[in-house]
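Next comes data.txt, a file with compact mmCIF, N, CA and C atoms.
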```txt
# COMPACT_ATOMS: atom_id res chain seq x y z
N MET E 3 0.99 -29.01 5.46
CA MET E 3 2.06 -28.02 5.35
C MET E 3 1.44 -26.62 5.33
N SER E 4 1.83 -25.83 6.26
CA SER E 4 1.30 -24.47 6.33
C SER E 4 2.43 -23.49 6.07
N GLY E 5 2.29 -22.72 5.01
CA GLY E 5 3.33 -21.78 4.65
C GLY E 5 2.74 -20.49 4.12
N ILE E 6 3.58 -19.69 3.55
CA ILE E 6 3.16 -18.40 3.02
C ILE E 6 2.14 -18.57 1.90
N LEU E 7 2.40 -19.50 0.98
CA LEU E 7 1.45 -19.68 -0.14
C LEU E 7 0.09 -20.15 0.37
N ASP E 8 0.10 -21.07 1.34
CA ASP E 8 -1.18 -21.53 1.92
C ASP E 8 -1.90 -20.37 2.59
N GLY E 9 -1.16 -19.54 3.32
CA GLY E 9 -1.76 -18.38 3.99
C GLY E 9 -2.34 -17.39 3.01
N LEU E 10 -1.62 -17.15 1.91
CA LEU E 10 -2.14 -16.25 0.88
C LEU E 10 -3.41 -16.82 0.26
N TYR E 11 -3.38 -18.12 -0.07
CA TYR E 11 -4.53 -18.77 -0.69
C TYR E 11 -5.76 -18.73 0.23
N ALA E 12 -5.53 -18.98 1.51
CA ALA E 12 -6.63 -19.05 2.47
C ALA E 12 -7.10 -17.67 2.94
N GLY E 13 -6.41 -16.62 2.50
CA GLY E 13 -6.81 -15.27 2.91
C GLY E 13 -6.34 -14.90 4.30
N LYS E 14 -5.42 -15.68 4.86
CA LYS E 14 -4.90 -15.38 6.20
C LYS E 14 -3.80 -14.33 6.14
N ILE E 15 -3.18 -14.21 5.00
CA ILE E 15 -2.16 -13.18 4.78
C ILE E 15 -2.71 -12.21 3.74
N VAL E 16 -2.89 -10.98 4.14
CA VAL E 16 -3.41 -9.94 3.24
C VAL E 16 -2.38 -8.81 3.26
N PRO E 17 -1.45 -8.80 2.30
CA PRO E 17 -0.35 -7.83 2.32
C PRO E 17 -0.78 -6.38 2.50
N GLU E 18 -1.86 -5.97 1.85
CA GLU E 18 -2.26 -4.56 1.95
C GLU E 18 -2.71 -4.19 3.35
N GLU E 19 -3.14 -5.17 4.14
CA GLU E 19 -3.53 -4.89 5.52
C GLU E 19 -2.33 -4.81 6.45
N LEU E 20 -1.20 -5.31 6.00
CA LEU E 20 0.01 -5.32 6.83
C LEU E 20 0.88 -4.10 6.62
N ILE E 21 0.58 -3.33 5.59
CA ILE E 21 1.42 -2.18 5.26
C ILE E 21 1.04 -0.99 6.13
N ARG E 22 1.97 -0.57 6.95
CA ARG E 22 1.81 0.62 7.76
C ARG E 22 3.13 1.37 7.71
N PRO E 23 3.11 2.58 7.18
CA PRO E 23 4.36 3.33 7.14
C PRO E 23 4.98 3.48 8.52
N ARG E 24 6.28 3.36 8.58
CA ARG E 24 6.99 3.49 9.86
C ARG E 24 7.49 4.91 10.10
N ASP E 25 7.26 5.76 9.15
CA ASP E 25 7.68 7.15 9.28
C ASP E 25 6.94 7.77 10.46
N PRO E 26 7.67 8.39 11.37
CA PRO E 26 7.01 8.98 12.55
C PRO E 26 6.01 10.08 12.21
N GLU E 27 6.10 10.66 11.04
CA GLU E 27 5.17 11.73 10.65
C GLU E 27 3.84 11.19 10.14
N TYR E 28 3.75 9.89 9.90
CA TYR E 28 2.53 9.29 9.33
C TYR E 28 1.30 9.60 10.18
N SER E 29 1.40 9.34 11.47
CA SER E 29 0.28 9.58 12.38
C SER E 29 -0.07 11.07 12.45
N SER E 30 0.95 11.89 12.50
CA SER E 30 0.75 13.34 12.57
C SER E 30 0.03 13.85 11.32
N ILE E 31 0.43 13.38 10.18
CA ILE E 31 -0.19 13.80 8.92
C ILE E 31 -1.65 13.38 8.89
N ASN E 32 -1.94 12.15 9.32
CA ASN E 32 -3.33 11.68 9.32
C ASN E 32 -4.20 12.48 10.28
N LYS E 33 -3.64 12.89 11.41
CA LYS E 33 -4.39 13.74 12.35
C LYS E 33 -4.70 15.09 11.71
N LYS E 34 -3.76 15.63 10.95
CA LYS E 34 -3.98 16.91 10.26
C LYS E 34 -5.07 16.76 9.21
N ILE E 35 -5.06 15.63 8.51
CA ILE E 35 -6.09 15.39 7.49
C ILE E 35 -7.47 15.36 8.13
N VAL E 36 -7.60 14.66 9.25
CA VAL E 36 -8.88 14.58 9.96
C VAL E 36 -9.33 15.96 10.40
N ALA E 37 -8.40 16.75 10.93
CA ALA E 37 -8.73 18.10 11.37
C ALA E 37 -9.18 18.97 10.20
N MET E 38 -8.48 18.86 9.08
CA MET E 38 -8.85 19.66 7.90
C MET E 38 -10.20 19.23 7.34
N MET E 39 -10.49 17.93 7.37
CA MET E 39 -11.79 17.47 6.91
C MET E 39 -12.90 18.03 7.81
N GLY E 40 -12.63 18.07 9.10
CA GLY E 40 -13.61 18.65 10.02
C GLY E 40 -13.85 20.11 9.73
N ALA E 41 -12.77 20.85 9.45
CA ALA E 41 -12.90 22.27 9.12
C ALA E 41 -13.68 22.45 7.81
N CYS E 42 -13.39 21.61 6.85
CA CYS E 42 -14.10 21.70 5.56
C CYS E 42 -15.59 21.39 5.75
N ARG E 43 -15.88 20.41 6.60
CA ARG E 43 -17.29 20.04 6.83
C ARG E 43 -18.08 21.22 7.38
N THR E 44 -17.45 22.02 8.24
CA THR E 44 -18.17 23.14 8.85
C THR E 44 -18.22 24.36 7.93
N LYS E 45 -17.20 24.53 7.09
CA LYS E 45 -17.12 25.73 6.24
C LYS E 45 -17.81 25.57 4.90
N PHE E 46 -17.82 24.35 4.36
CA PHE E 46 -18.37 24.13 3.02
C PHE E 46 -19.85 23.80 3.11
N SER E 47 -20.53 24.06 2.01
CA SER E 47 -21.92 23.61 1.92
C SER E 47 -21.90 22.08 1.84
N GLU E 48 -23.03 21.47 2.09
CA GLU E 48 -23.12 20.01 2.03
C GLU E 48 -22.72 19.50 0.64
N GLU E 49 -23.16 20.22 -0.38
CA GLU E 49 -22.84 19.84 -1.77
C GLU E 49 -21.34 19.95 -2.04
N ASP E 50 -20.73 21.05 -1.59
CA ASP E 50 -19.29 21.24 -1.80
C ASP E 50 -18.48 20.20 -1.03
N PHE E 51 -18.90 19.90 0.19
CA PHE E 51 -18.18 18.92 0.99
C PHE E 51 -18.27 17.54 0.36
N LYS E 52 -19.43 17.21 -0.20
CA LYS E 52 -19.61 15.92 -0.88
C LYS E 52 -18.65 15.83 -2.07
N LEU E 53 -18.48 16.94 -2.78
CA LEU E 53 -17.55 16.98 -3.91
C LEU E 53 -16.12 16.70 -3.44
N VAL E 54 -15.73 17.29 -2.33
CA VAL E 54 -14.40 17.06 -1.77
C VAL E 54 -14.25 15.59 -1.36
N GLU E 55 -15.27 15.05 -0.70
CA GLU E 55 -15.23 13.64 -0.29
C GLU E 55 -15.11 12.71 -1.50
N ASP E 56 -15.86 13.00 -2.55
CA ASP E 56 -15.80 12.18 -3.77
C ASP E 56 -14.41 12.24 -4.40
N MET E 57 -13.82 13.44 -4.41
CA MET E 57 -12.48 13.60 -4.97
C MET E 57 -11.47 12.80 -4.14
N LEU E 58 -11.58 12.87 -2.83
CA LEU E 58 -10.67 12.14 -1.96
C LEU E 58 -10.84 10.63 -2.11
N ASP E 59 -12.06 10.17 -2.33
CA ASP E 59 -12.30 8.75 -2.59
C ASP E 59 -11.59 8.31 -3.86
N LEU E 60 -11.68 9.14 -4.91
CA LEU E 60 -10.99 8.82 -6.16
C LEU E 60 -9.47 8.84 -5.98
N LEU E 61 -8.99 9.78 -5.20
CA LEU E 61 -7.56 9.85 -4.92
C LEU E 61 -7.10 8.60 -4.17
N ALA E 62 -7.88 8.15 -3.20
CA ALA E 62 -7.54 6.94 -2.45
C ALA E 62 -7.53 5.72 -3.37
N GLU E 63 -8.48 5.67 -4.29
CA GLU E 63 -8.55 4.56 -5.26
C GLU E 63 -7.32 4.57 -6.16
N SER E 64 -6.95 5.76 -6.62
CA SER E 64 -5.76 5.91 -7.46
C SER E 64 -4.50 5.49 -6.70
N ASN E 65 -4.38 5.95 -5.44
CA ASN E 65 -3.23 5.58 -4.62
C ASN E 65 -3.16 4.08 -4.40
N SER E 66 -4.31 3.46 -4.21
CA SER E 66 -4.37 2.01 -4.03
C SER E 66 -3.87 1.28 -5.27
N MET E 67 -4.25 1.78 -6.44
CA MET E 67 -3.78 1.17 -7.69
C MET E 67 -2.27 1.31 -7.84
N GLU E 68 -1.75 2.48 -7.46
CA GLU E 68 -0.30 2.69 -7.51
C GLU E 68 0.42 1.77 -6.53
N SER E 69 -0.14 1.60 -5.34
CA SER E 69 0.46 0.72 -4.34
C SER E 69 0.47 -0.72 -4.83
N LYS E 70 -0.62 -1.13 -5.45
CA LYS E 70 -0.70 -2.49 -5.98
C LYS E 70 0.34 -2.71 -7.07
N ALA E 71 0.49 -1.76 -7.96
CA ALA E 71 1.49 -1.87 -9.03
C ALA E 71 2.90 -1.86 -8.45
N SER E 72 3.13 -1.04 -7.43
CA SER E 72 4.44 -0.98 -6.79
C SER E 72 4.76 -2.30 -6.10
N PHE E 73 3.79 -2.87 -5.40
CA PHE E 73 3.98 -4.16 -4.74
C PHE E 73 4.33 -5.23 -5.77
N SER E 74 3.58 -5.26 -6.84
CA SER E 74 3.80 -6.25 -7.89
C SER E 74 5.19 -6.11 -8.51
N GLN E 75 5.57 -4.88 -8.83
CA GLN E 75 6.89 -4.64 -9.42
C GLN E 75 8.00 -5.04 -8.44
N GLY E 76 7.85 -4.69 -7.17
CA GLY E 76 8.84 -5.04 -6.16
C GLY E 76 8.96 -6.55 -6.00
N PHE E 77 7.84 -7.23 -6.01
CA PHE E 77 7.83 -8.68 -5.88
C PHE E 77 8.54 -9.33 -7.08
N LYS E 78 8.24 -8.84 -8.27
CA LYS E 78 8.89 -9.37 -9.47
C LYS E 78 10.39 -9.12 -9.45
N LEU E 79 10.78 -7.91 -9.05
CA LEU E 79 12.19 -7.59 -8.96
C LEU E 79 12.89 -8.49 -7.95
N GLY E 80 12.24 -8.72 -6.81
CA GLY E 80 12.80 -9.62 -5.80
C GLY E 80 13.00 -11.03 -6.35
N GLY E 81 12.01 -11.50 -7.12
CA GLY E 81 12.12 -12.82 -7.75
C GLY E 81 13.28 -12.88 -8.73
N LEU E 82 13.42 -11.83 -9.53
CA LEU E 82 14.53 -11.80 -10.50
C LEU E 82 15.88 -11.76 -9.79
N ILE E 83 15.95 -11.05 -8.69
CA ILE E 83 17.19 -11.01 -7.91
C ILE E 83 17.51 -12.42 -7.39
N MET E 84 16.49 -13.12 -6.89
CA MET E 84 16.71 -14.48 -6.39
C MET E 84 17.17 -15.41 -7.50
N LEU E 85 16.60 -15.27 -8.70
CA LEU E 85 17.04 -16.09 -9.83
C LEU E 85 18.51 -15.84 -10.14
N GLU E 86 18.89 -14.58 -10.12
CA GLU E 86 20.28 -14.23 -10.39
C GLU E 86 21.20 -14.80 -9.31
N VAL E 87 20.78 -14.71 -8.06
CA VAL E 87 21.58 -15.25 -6.96
C VAL E 87 21.71 -16.76 -7.08
N LEU E 88 20.61 -17.44 -7.35
CA LEU E 88 20.64 -18.90 -7.47
C LEU E 88 21.46 -19.35 -8.67
N ALA E 89 21.42 -18.58 -9.76
CA ALA E 89 22.20 -18.92 -10.96
C ALA E 89 23.70 -18.81 -10.69
N ALA E 90 24.08 -17.99 -9.72
CA ALA E 90 25.49 -17.77 -9.43
C ALA E 90 26.00 -18.67 -8.31
N LYS E 91 25.18 -19.60 -7.83
CA LYS E 91 25.60 -20.43 -6.69
C LYS E 91 26.83 -21.27 -7.01
N GLU E 92 27.01 -21.63 -8.29
CA GLU E 92 28.17 -22.44 -8.68
C GLU E 92 29.47 -21.73 -8.35
N GLU E 93 29.46 -20.42 -8.37
CA GLU E 93 30.65 -19.65 -8.05
C GLU E 93 31.11 -19.91 -6.62
N PHE E 94 30.17 -20.26 -5.75
CA PHE E 94 30.50 -20.44 -4.34
C PHE E 94 30.53 -21.90 -3.92
N VAL E 95 29.69 -22.71 -4.57
CA VAL E 95 29.59 -24.13 -4.18
C VAL E 95 30.61 -24.97 -4.93
N GLY E 96 30.99 -24.53 -6.10
CA GLY E 96 31.97 -25.25 -6.91
C GLY E 96 31.39 -26.40 -7.70
N GLU E 97 30.12 -26.30 -8.06
CA GLU E 97 29.49 -27.36 -8.86
C GLU E 97 29.82 -27.21 -10.33
```

Would you write the structure of this file as structure tokens?
Amino acid sequence: MSGILDGLYAGKIVPEELIRPRDPEYSSINKKIVAMMGACRTKFSEEDFKLVEDMLDLLAESNSMESKASFSQGFKLGGLIMLEVLAAKEEFVGE
């Protein structure tokens, strides 16, 4: 039996790799970030640029933690919604 749980267990489904914002501005914003990093690389000293890179790495780590917490909360909320829906099935099935 091959399903979602098997895929998660086997590492074939990696939710964080599947997340791509659908907002049309996403690509544009990332291009601006790359351009700004290039400008910073040429204008800043090597030491200053390293400081900016380190800060951005920490920011990415922080954002990743927030995304993980958001995913977890959303998944739990979805589960609770399903429990509520299943608990109310008698209203429709007449059991």

What lies within 12 Å of stretch 56-67 of chain E using only C-alpha atoms, ignoring chain neighbours under 6 positions off, as a ChimeraX atom specification? /E:18-19,21,35,39,49-50,73-74

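Relative to atom CA of E:Glu55, atom CA of E:Arg43 is found at 9.8 Å.
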
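From atom CA of E:Cys42 back to atom C of E:Ser30, the distance works out to 17.2 Å.
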
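Between atom CA of E:Lys52 and atom C of E:Lys33 lies a distance of 19.5 Å.
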
Enumerate the residues of stretch 13-91 of chain E with a DSSP assignment of helix (DSSP H, G or I), computed from the backbone, and present them as number ranges by chain.
E: 17-20, 27-45, 48-89

Save chain E to disk from that block, C-alpha atoms included, as a tab-separated table (two decimals), in the first residue's frame.
```tsv
chain	number	residue	atom	x	y	z
E	3	MET	CA	0.00	0.00	0.00
E	4	SER	CA	1.50	3.26	-1.10
E	5	GLY	CA	-0.01	6.40	0.35
E	6	ILE	CA	0.77	9.76	1.83
E	7	LEU	CA	2.04	8.33	5.13
E	8	ASP	CA	4.33	5.89	3.31
E	9	GLY	CA	5.63	8.73	1.13
E	10	LEU	CA	6.29	10.92	4.16
E	11	TYR	CA	8.06	8.06	5.97
E	12	ALA	CA	10.20	7.19	2.95
E	13	GLY	CA	11.15	10.82	2.35
E	14	LYS	CA	9.41	10.92	-1.04
E	15	ILE	CA	7.11	13.70	0.13
E	16	VAL	CA	8.92	16.70	1.59
E	17	PRO	CA	6.32	19.43	2.24
E	18	GLU	CA	8.83	22.27	2.57
E	19	GLU	CA	10.17	21.49	-0.91
E	20	LEU	CA	6.68	21.70	-2.38
E	21	ILE	CA	5.87	25.15	-1.04
E	22	ARG	CA	6.17	27.82	-3.68
E	23	PRO	CA	4.19	31.03	-3.32
E	24	ARG	CA	1.77	31.55	-6.18
E	25	ASP	CA	1.81	35.31	-5.82
E	26	PRO	CA	2.98	36.78	-9.12
E	27	GLU	CA	5.26	39.21	-7.25
E	28	TYR	CA	7.29	36.37	-5.68
E	29	SER	CA	9.69	36.03	-8.61
E	30	SER	CA	10.00	39.79	-9.00
E	31	ILE	CA	10.85	40.26	-5.32
E	32	ASN	CA	13.51	37.53	-5.46
E	33	LYS	CA	15.09	39.16	-8.51
E	34	LYS	CA	15.25	42.46	-6.60
E	35	ILE	CA	16.88	40.71	-3.65
E	36	VAL	CA	19.55	39.22	-5.92
E	37	ALA	CA	20.19	42.62	-7.50
E	38	MET	CA	20.46	44.30	-4.10
E	39	MET	CA	22.85	41.63	-2.85
E	40	GLY	CA	25.01	42.24	-5.91
E	41	ALA	CA	25.01	45.98	-5.21
E	42	CYS	CA	25.91	45.37	-1.57
E	43	ARG	CA	28.75	43.05	-2.58
E	44	THR	CA	30.33	45.79	-4.69
E	45	LYS	CA	29.71	48.67	-2.27
E	46	PHE	CA	30.47	47.03	1.08
E	47	SER	CA	33.78	45.88	2.40
E	48	GLU	CA	34.24	42.11	2.52
E	49	GLU	CA	33.76	42.21	6.30
E	50	ASP	CA	30.57	44.30	6.07
E	51	PHE	CA	29.13	42.10	3.33
E	52	LYS	CA	29.84	38.98	5.42
E	53	LEU	CA	27.91	40.59	8.27
E	54	VAL	CA	24.93	41.19	5.97
E	55	GLU	CA	25.11	37.59	4.69
E	56	ASP	CA	25.22	36.24	8.26
E	57	MET	CA	22.21	38.36	9.21
E	58	LEU	CA	20.27	37.13	6.17
E	59	ASP	CA	21.16	33.53	7.04
E	60	LEU	CA	19.73	34.05	10.54
E	61	LEU	CA	16.64	35.68	9.06
E	62	ALA	CA	16.14	32.70	6.73
E	63	GLU	CA	16.52	30.33	9.69
E	64	SER	CA	13.97	32.32	11.68
E	65	ASN	CA	11.55	32.36	8.72
E	66	SER	CA	11.97	28.60	8.35
E	67	MET	CA	11.06	28.10	12.01
E	68	GLU	CA	7.97	30.27	11.58
E	69	SER	CA	6.96	28.33	8.46
E	70	LYS	CA	7.38	25.04	10.30
E	71	ALA	CA	5.23	26.26	13.19
E	72	SER	CA	2.62	27.60	10.76
E	73	PHE	CA	2.51	24.28	8.89
E	74	SER	CA	2.12	22.37	12.13
E	75	GLN	CA	-0.64	24.65	13.41
E	76	GLY	CA	-2.48	24.47	10.08
E	77	PHE	CA	-2.22	20.69	10.02
E	78	LYS	CA	-3.55	20.43	13.57
E	79	LEU	CA	-6.40	22.81	12.80
E	80	GLY	CA	-7.27	20.77	9.71
E	81	GLY	CA	-7.34	17.61	11.84
E	82	LEU	CA	-9.61	19.24	14.40
E	83	ILE	CA	-11.93	20.40	11.64
E	84	MET	CA	-12.11	16.83	10.30
E	85	LEU	CA	-12.90	15.51	13.78
E	86	GLU	CA	-15.73	18.01	14.08
E	87	VAL	CA	-17.05	17.09	10.64
E	88	LEU	CA	-16.90	13.35	11.36
E	89	ALA	CA	-18.58	13.84	14.76
E	90	ALA	CA	-21.49	15.54	13.00
E	91	LYS	CA	-22.02	12.81	10.38
E	92	GLU	CA	-25.03	11.46	12.32
E	93	GLU	CA	-26.87	14.66	11.43
E	94	PHE	CA	-26.71	13.65	7.78
E	95	VAL	CA	-26.56	9.85	7.83
E	96	GLY	CA	-29.24	9.38	10.48
E	97	GLU	CA	-27.33	6.93	12.65
```
